[in-house]
file upload-v7.cif (mmCIF, C-alpha atoms)
data_final
#
loop_
_atom_site.label_atom_id
_atom_site.label_comp_id
_atom_site.auth_asym_id
_atom_site.auth_seq_id
_atom_site.Cartn_x
_atom_site.Cartn_y
_atom_site.Cartn_z
CA MET J 1188 60.16 -62.67 38.42
CA GLY J 1189 58.94 -59.62 40.28
CA ARG J 1190 60.33 -56.19 39.76
CA VAL J 1191 63.82 -55.80 41.13
CA THR J 1192 63.11 -52.37 42.57
CA GLY J 1193 59.90 -53.35 44.40
CA SER J 1194 57.60 -50.63 45.66
CA TRP J 1195 56.91 -48.77 48.86
CA LEU J 1196 54.14 -51.29 49.66
CA SER J 1197 56.36 -54.33 49.39
CA GLY J 1198 58.76 -53.01 52.04
CA PRO J 1199 62.32 -54.21 52.47
CA GLN J 1200 63.01 -57.61 50.96
CA ILE J 1201 64.62 -60.59 52.64
CA GLY J 1202 67.03 -62.39 50.34
CA PRO J 1203 66.13 -65.81 48.97
CA GLY J 1204 68.97 -67.62 50.67
CA GLU J 1205 70.97 -70.52 49.32
CA GLY J 1206 69.89 -72.19 46.09
CA VAL J 1207 66.47 -70.54 45.67
CA ASP J 1208 65.79 -69.65 42.04
CA ASN J 1209 62.07 -69.12 41.62
CA ASP J 1210 60.40 -68.41 38.29
CA PHE J 1211 57.36 -67.13 40.23
CA ARG J 1212 56.40 -66.35 43.81
CA GLY J 1213 55.72 -69.50 45.83
CA GLN J 1214 57.37 -71.95 43.45
CA ASP J 1215 59.77 -73.19 46.14
CA LEU J 1216 56.76 -73.76 48.43
CA GLY J 1217 55.04 -75.95 45.83
CA LEU J 1218 52.32 -73.38 45.13
CA PRO J 1219 50.91 -72.51 41.69
CA ALA J 1220 51.91 -69.32 39.86
CA SER J 1221 48.37 -67.93 39.75
CA GLY J 1222 44.79 -68.77 40.58
CA PRO J 1223 43.49 -70.60 43.65
CA GLY J 1224 46.26 -71.76 45.95
CA SER J 1225 48.77 -69.14 44.79
CA LEU J 1226 50.25 -66.54 47.12
CA ALA J 1227 48.08 -63.45 47.58
CA THR J 1228 49.62 -60.14 46.58
CA GLY J 1229 50.02 -57.04 48.73
CA TRP J 1230 46.93 -54.98 47.88
CA PRO J 1231 44.34 -57.69 48.58
CA ARG J 1232 46.10 -58.41 51.88
CA VAL J 1233 45.92 -54.73 52.84
CA ALA J 1234 42.26 -54.55 51.77
CA GLY J 1235 41.44 -57.63 53.86
CA LEU J 1236 43.12 -56.07 56.87
CA LEU J 1237 41.15 -52.86 56.31
CA VAL J 1238 37.85 -54.79 56.19
CA ASP J 1239 38.75 -56.59 59.43
CA TRP J 1240 39.74 -53.29 61.07
CA LEU J 1241 36.45 -51.64 60.02
CA ILE J 1242 34.43 -54.58 61.37
CA ALA J 1243 36.33 -54.36 64.66
CA GLY J 1244 35.74 -50.60 64.74
CA GLY J 1245 32.01 -51.03 64.22
CA LEU J 1246 31.81 -53.60 67.00
CA ALA J 1247 33.89 -51.39 69.29
CA ILE J 1248 31.48 -48.48 68.72
CA LEU J 1249 28.58 -50.79 69.63
CA PHE J 1250 30.31 -51.89 72.83
CA VAL J 1251 31.77 -48.64 74.20
CA GLY J 1252 30.22 -45.83 72.14
CA PHE J 1253 31.68 -43.48 69.56
CA ASP J 1254 33.05 -40.86 71.95
CA SER J 1255 34.62 -43.27 74.43
CA SER J 1256 38.22 -42.73 75.50
CA ILE J 1257 38.94 -46.46 75.10
CA LEU J 1258 37.50 -46.85 71.59
CA GLY J 1259 40.87 -47.46 69.93
CA THR J 1260 42.00 -49.98 72.52
CA THR J 1261 38.67 -51.79 72.31
CA GLN J 1262 38.93 -51.88 68.51
CA LEU J 1263 42.42 -53.35 68.71
CA GLY J 1264 41.27 -55.96 71.23
CA ILE J 1265 38.29 -56.98 69.10
CA TRP J 1266 40.48 -57.17 65.96
CA PHE J 1267 43.03 -59.27 67.86
CA VAL J 1268 40.51 -61.77 69.25
CA MET J 1269 38.53 -61.88 65.99
CA GLY J 1270 41.71 -62.71 64.05
CA ILE J 1271 42.79 -65.47 66.41
CA PHE J 1272 39.48 -67.27 66.52
CA ALA J 1273 38.52 -66.78 62.87
CA VAL J 1274 41.87 -68.07 61.57
CA SER J 1275 42.05 -70.98 64.01
CA LEU J 1276 38.42 -72.07 63.38
CA PHE J 1277 37.89 -71.25 59.70
CA GLY J 1278 41.35 -70.53 58.25
CA PHE J 1279 40.52 -66.92 57.33
CA THR J 1280 39.33 -63.65 58.82
CA PRO J 1281 36.14 -61.98 57.56
CA GLY J 1282 38.18 -59.56 55.45
CA GLN J 1283 40.22 -62.37 53.93
CA TYR J 1284 37.04 -64.30 53.14
CA VAL J 1285 35.47 -61.30 51.39
CA LEU J 1286 38.58 -60.83 49.26
CA GLY J 1287 39.06 -64.52 48.47
CA MET J 1288 42.05 -65.39 50.65
CA ARG J 1289 42.89 -67.77 53.46
CA VAL J 1290 45.74 -68.43 55.87
CA ALA J 1291 47.46 -71.73 55.16
CA ARG J 1292 50.25 -73.69 56.75
CA VAL J 1293 53.19 -74.06 54.39
CA ASP J 1294 55.62 -75.73 56.75
CA TYR J 1295 54.77 -79.30 55.67
CA GLY J 1296 56.82 -78.94 52.50
CA PRO J 1297 56.26 -78.38 48.78
CA GLU J 1298 54.68 -81.78 48.14
CA ARG J 1299 51.92 -81.25 50.71
CA ASN J 1300 51.39 -77.63 49.57
CA THR J 1301 51.00 -78.80 45.96
CA ALA J 1302 48.52 -81.48 47.04
CA GLU J 1303 46.48 -78.91 48.97
CA ALA J 1304 46.56 -76.41 46.07
CA THR J 1305 45.33 -79.06 43.61
CA GLY J 1306 42.63 -80.31 45.99
CA LYS J 1307 44.15 -83.75 46.55
CA GLU J 1308 44.58 -83.02 50.28
CA SER J 1309 42.39 -80.96 52.57
CA PRO J 1310 44.08 -77.84 53.97
CA ALA J 1311 45.93 -78.33 57.24
CA ALA J 1312 44.49 -76.39 60.16
CA VAL J 1313 46.46 -73.35 61.25
CA GLY J 1314 45.67 -73.96 64.93
CA ILE J 1315 45.12 -71.54 67.77
CA VAL J 1316 48.79 -71.27 68.82
CA ARG J 1317 49.98 -70.26 65.34
CA ALA J 1318 46.98 -67.95 64.93
CA PHE J 1319 47.77 -66.29 68.28
CA PHE J 1320 51.44 -65.65 67.50
CA ARG J 1321 50.64 -64.55 63.94
CA GLN J 1322 48.13 -62.01 65.26
CA LEU J 1323 50.47 -60.90 68.06
CA LEU J 1324 53.24 -60.17 65.56
CA MET J 1325 50.82 -58.27 63.33
CA VAL J 1326 50.01 -55.90 66.22
CA PHE J 1327 53.54 -54.55 65.95
CA LEU J 1328 53.02 -53.87 62.20
CA VAL J 1329 56.75 -53.94 61.38
CA PRO J 1330 56.80 -57.72 60.65
CA ALA J 1331 53.87 -57.22 58.26
CA LEU J 1332 55.81 -54.60 56.30
CA ILE J 1333 58.96 -56.66 55.73
CA ASN J 1334 58.53 -59.24 52.95
CA ASP J 1335 60.70 -62.05 51.68
CA TYR J 1336 61.40 -63.05 48.05
CA ASN J 1337 57.98 -64.75 47.90
CA GLY J 1338 56.11 -61.73 49.22
CA ARG J 1339 55.43 -63.42 52.57
CA ALA J 1340 55.61 -61.11 55.55
CA LEU J 1341 57.79 -61.85 58.58
CA HIS J 1342 54.82 -62.81 60.75
CA ASP J 1343 53.90 -65.44 58.16
CA ARG J 1344 57.45 -66.74 57.94
CA ALA J 1345 57.76 -66.91 61.74
CA THR J 1346 54.56 -68.97 62.06
CA GLY J 1347 55.02 -71.15 58.96
CA THR J 1348 51.97 -69.72 57.22
CA ALA J 1349 51.11 -67.87 54.03
CA ILE J 1350 48.11 -65.99 52.67
CA LEU J 1351 46.77 -67.90 49.66
CA ARG J 1352 44.14 -66.99 47.10
CA THR J 1353 40.94 -69.05 47.18
CA ARG J 1354 39.56 -67.87 43.84
#
call {"tool": "encode", "arguments": {"input": "upload-v7.cif", "output": "structure tokens"}}
result
Amino acid sequence: MGRVTGSWLSGPQIGPGEGVDNDFRGQDLGLPASGPGSLATGWPRVAGLLVDWLIAGGLAILFVGFDSSILGTTQLGIWFVMGIFAVSLFGFTPGQYVLGMRVARVDYGPERNTAEATGKESPAAVGIVRAFFRQLLMVFLVPALINDYNGRALHDRATGTAILRTR
């Protein structure tokens, strides 16, 4: 089990609900305890977001210039669009790819998630609608800071997704 006290990075925790008694994060979702297919932890997720934000910032500077008054808005727009299309087409953003993570659907149930984690089934596509709402919720940042007992953020719970390790 994780630490009871958590940390400032993990944010407030959502209780496990009725009958959930996990030995490790993601057990109730049918995911492995560690290795490929397991839930990604907080720091790699933050690092992936930082890589995506830096890529969007570089592209924004190319488009509008460094001293533009709309640089921040352009960066946010590029990050938003990049996240939607990268996740819906490939299942990961550039930052998630660099850090060995992907966005996966976990709403099909533990049996399907176990089959995907073991390679018996190919990963289900996230789709553009889920990717859009996931990215929209991330803009507000608060859902990304509130985690459940598995370490999944609210925007992942709302869209039936999770960030999984690929290596």
call {"tool": "closest_residue", "arguments": {"input": "upload-v7.cif", "among": "J:Val1274, J:Ala1349, J:Leu1341, J:Val1268", "to": "Ala1312 of chain J", "atoms": "all atoms listed in the file"}}
result
J:Val1274
call {"tool": "closest_residue", "arguments": {"input": "upload-v7.cif", "among": "J:Ala1304, J:Val1293, J:Leu1324, J:Ile1333", "to": "Leu1216 of chain J", "atoms": "all atoms listed in the file"}}
result
J:Val1293
call {"tool": "resolve_selection", "arguments": {"input": "upload-v7.cif", "expression": "the PyMOL selection byres ((chain J and resi 1232) around 9)", "output": "PyMOL selection string"}}
result
chain J and resi 1227-1231+1233-1237+1282-1283+1286+1288+1350
call {"tool": "closest_residue", "arguments": {"input": "upload-v7.cif", "among": "J:Phe1211, J:Asn1337, J:Arg1354, J:Trp1266", "to": "Thr1280 of chain J", "atoms": "all atoms listed in the file"}}
result
J:Trp1266
call {"tool": "residues_around", "arguments": {"input": "upload-v7.cif", "residues": "Leu1218 of chain J", "least_positions_apart": "6", "cutoff": "10 Å", "atoms": "only C-alpha atoms", "output": "list in words"}}
result
Phe1211, Arg1212, Gly1224, Ser1225, Leu1226, Val1293, Pro1297, Glu1298, Arg1299, Asn1300, Thr1301, Ala1302, Glu1303, Ala1304, Thr1305 and Leu1351 of chain J
call {"tool": "atom_distance", "arguments": {"input": "upload-v7.cif", "atom1": "atom CA of Ile1248 of chain J", "atom2": "atom CA of Val1290 of chain J"}}
result
27.7 Å
call {"tool": "resolve_selection", "arguments": {"input": "upload-v7.cif", "expression": "the PyMOL selection byres ((chain J and resi 1246) around 12)", "output": "list in words"}}
result
Asp1239, Trp1240, Leu1241, Ile1242, Ala1243, Gly1244, Gly1245, Ala1247, Ile1248, Leu1249, Phe1250, Val1251, Gly1252, Phe1253, Leu1258, Gly1259, Thr1261, Gln1262, Leu1263, Gly1264, Ile1265, Trp1266 and Met1269 of chain J
call {"tool": "atom_distance", "arguments": {"input": "upload-v7.cif", "atom1": "atom CA of Thr1353 of chain J", "atom2": "atom CA of Asp1215 of chain J"}}
result
19.3 Å
call {"tool": "closest_residue", "arguments": {"input": "upload-v7.cif", "among": "J:Tyr1336, J:Val1313, J:Leu1323, J:Asp1294", "to": "Asn1209 of chain J", "atoms": "only C-alpha atoms"}}
result
J:Tyr1336
call {"tool": "resolve_selection", "arguments": {"input": "upload-v7.cif", "expression": "the PyMOL selection byres ((chain J and resi 1321) around 9)", "output": "VMD selection string"}}
result
chain J and resid 1271 1316 to 1320 1322 to 1326 1342 to 1343 1345 to 1346 1348
call {"tool": "atom_distance", "arguments": {"input": "upload-v7.cif", "atom1": "atom CA of Gly1270 of chain J", "atom2": "atom CA of Leu1332 of chain J"}}
result
18.0 Å
call {"tool": "build_atoms", "arguments": {"input": "upload-v7.cif", "residues": "segment 1227-1238 of chain J", "atoms": "all heavy atoms", "output": "compact mmCIF listing (two decimals), in the frame of the given file"}}
result
# COMPACT_ATOMS: atom_id res chain seq x y z
N ALA J 1227 48.81 -64.71 47.77
CA ALA J 1227 48.08 -63.45 47.58
C ALA J 1227 49.09 -62.30 47.51
O ALA J 1227 50.13 -62.33 48.15
CB ALA J 1227 47.12 -63.22 48.74
N THR J 1228 48.75 -61.30 46.73
CA THR J 1228 49.62 -60.14 46.58
C THR J 1228 49.33 -59.11 47.67
O THR J 1228 48.42 -59.28 48.48
CB THR J 1228 49.44 -59.52 45.19
OG1 THR J 1228 48.07 -59.18 45.01
CG2 THR J 1228 49.88 -60.48 44.10
N GLY J 1229 50.08 -58.03 47.66
CA GLY J 1229 50.02 -57.04 48.73
C GLY J 1229 48.71 -56.29 48.88
O GLY J 1229 48.19 -56.14 49.98
N TRP J 1230 48.14 -55.80 47.78
CA TRP J 1230 46.93 -54.98 47.88
C TRP J 1230 45.73 -55.74 48.43
O TRP J 1230 45.02 -55.22 49.29
CB TRP J 1230 46.61 -54.31 46.56
CG TRP J 1230 47.51 -53.14 46.29
CD1 TRP J 1230 48.42 -53.04 45.29
CD2 TRP J 1230 47.62 -51.93 47.05
NE1 TRP J 1230 49.08 -51.83 45.37
CE2 TRP J 1230 48.60 -51.14 46.45
CE3 TRP J 1230 46.99 -51.46 48.19
CZ2 TRP J 1230 48.97 -49.89 46.94
CZ3 TRP J 1230 47.35 -50.20 48.68
CH2 TRP J 1230 48.33 -49.44 48.05
N PRO J 1231 45.45 -56.95 47.97
CA PRO J 1231 44.34 -57.69 48.58
C PRO J 1231 44.56 -57.95 50.08
O PRO J 1231 43.62 -57.93 50.86
CB PRO J 1231 44.29 -59.00 47.79
CG PRO J 1231 44.89 -58.66 46.48
CD PRO J 1231 45.95 -57.64 46.78
N ARG J 1232 45.80 -58.19 50.45
CA ARG J 1232 46.10 -58.41 51.88
C ARG J 1232 45.80 -57.15 52.68
O ARG J 1232 45.21 -57.21 53.75
CB ARG J 1232 47.56 -58.80 52.06
CG ARG J 1232 47.88 -60.16 51.50
CD ARG J 1232 49.36 -60.44 51.54
NE ARG J 1232 49.84 -60.39 52.91
CZ ARG J 1232 50.66 -61.27 53.44
NH1 ARG J 1232 51.08 -62.27 52.73
NH2 ARG J 1232 51.03 -61.16 54.69
N VAL J 1233 46.20 -56.00 52.15
CA VAL J 1233 45.92 -54.73 52.84
C VAL J 1233 44.42 -54.48 52.90
O VAL J 1233 43.88 -54.05 53.92
CB VAL J 1233 46.66 -53.56 52.13
CG1 VAL J 1233 46.21 -52.22 52.67
CG2 VAL J 1233 48.16 -53.72 52.29
N ALA J 1234 43.72 -54.75 51.80
CA ALA J 1234 42.26 -54.55 51.77
C ALA J 1234 41.56 -55.47 52.77
O ALA J 1234 40.62 -55.04 53.45
CB ALA J 1234 41.74 -54.77 50.36
N GLY J 1235 42.01 -56.71 52.88
CA GLY J 1235 41.44 -57.63 53.86
C GLY J 1235 41.64 -57.15 55.28
O GLY J 1235 40.75 -57.23 56.13
N LEU J 1236 42.83 -56.63 55.55
CA LEU J 1236 43.12 -56.07 56.87
C LEU J 1236 42.23 -54.86 57.15
O LEU J 1236 41.72 -54.70 58.26
CB LEU J 1236 44.60 -55.68 56.96
CG LEU J 1236 45.08 -55.09 58.28
CD1 LEU J 1236 44.88 -56.07 59.42
CD2 LEU J 1236 46.54 -54.68 58.17
N LEU J 1237 42.02 -54.03 56.15
CA LEU J 1237 41.15 -52.86 56.31
C LEU J 1237 39.71 -53.29 56.62
O LEU J 1237 39.07 -52.71 57.51
CB LEU J 1237 41.19 -51.99 55.05
CG LEU J 1237 40.29 -50.75 55.07
CD1 LEU J 1237 40.73 -49.78 56.16
CD2 LEU J 1237 40.31 -50.07 53.72
N VAL J 1238 39.21 -54.29 55.92
CA VAL J 1238 37.85 -54.79 56.19
C VAL J 1238 37.76 -55.30 57.63
O VAL J 1238 36.81 -54.97 58.36
CB VAL J 1238 37.45 -55.89 55.18
CG1 VAL J 1238 36.17 -56.59 55.61
CG2 VAL J 1238 37.31 -55.30 53.79
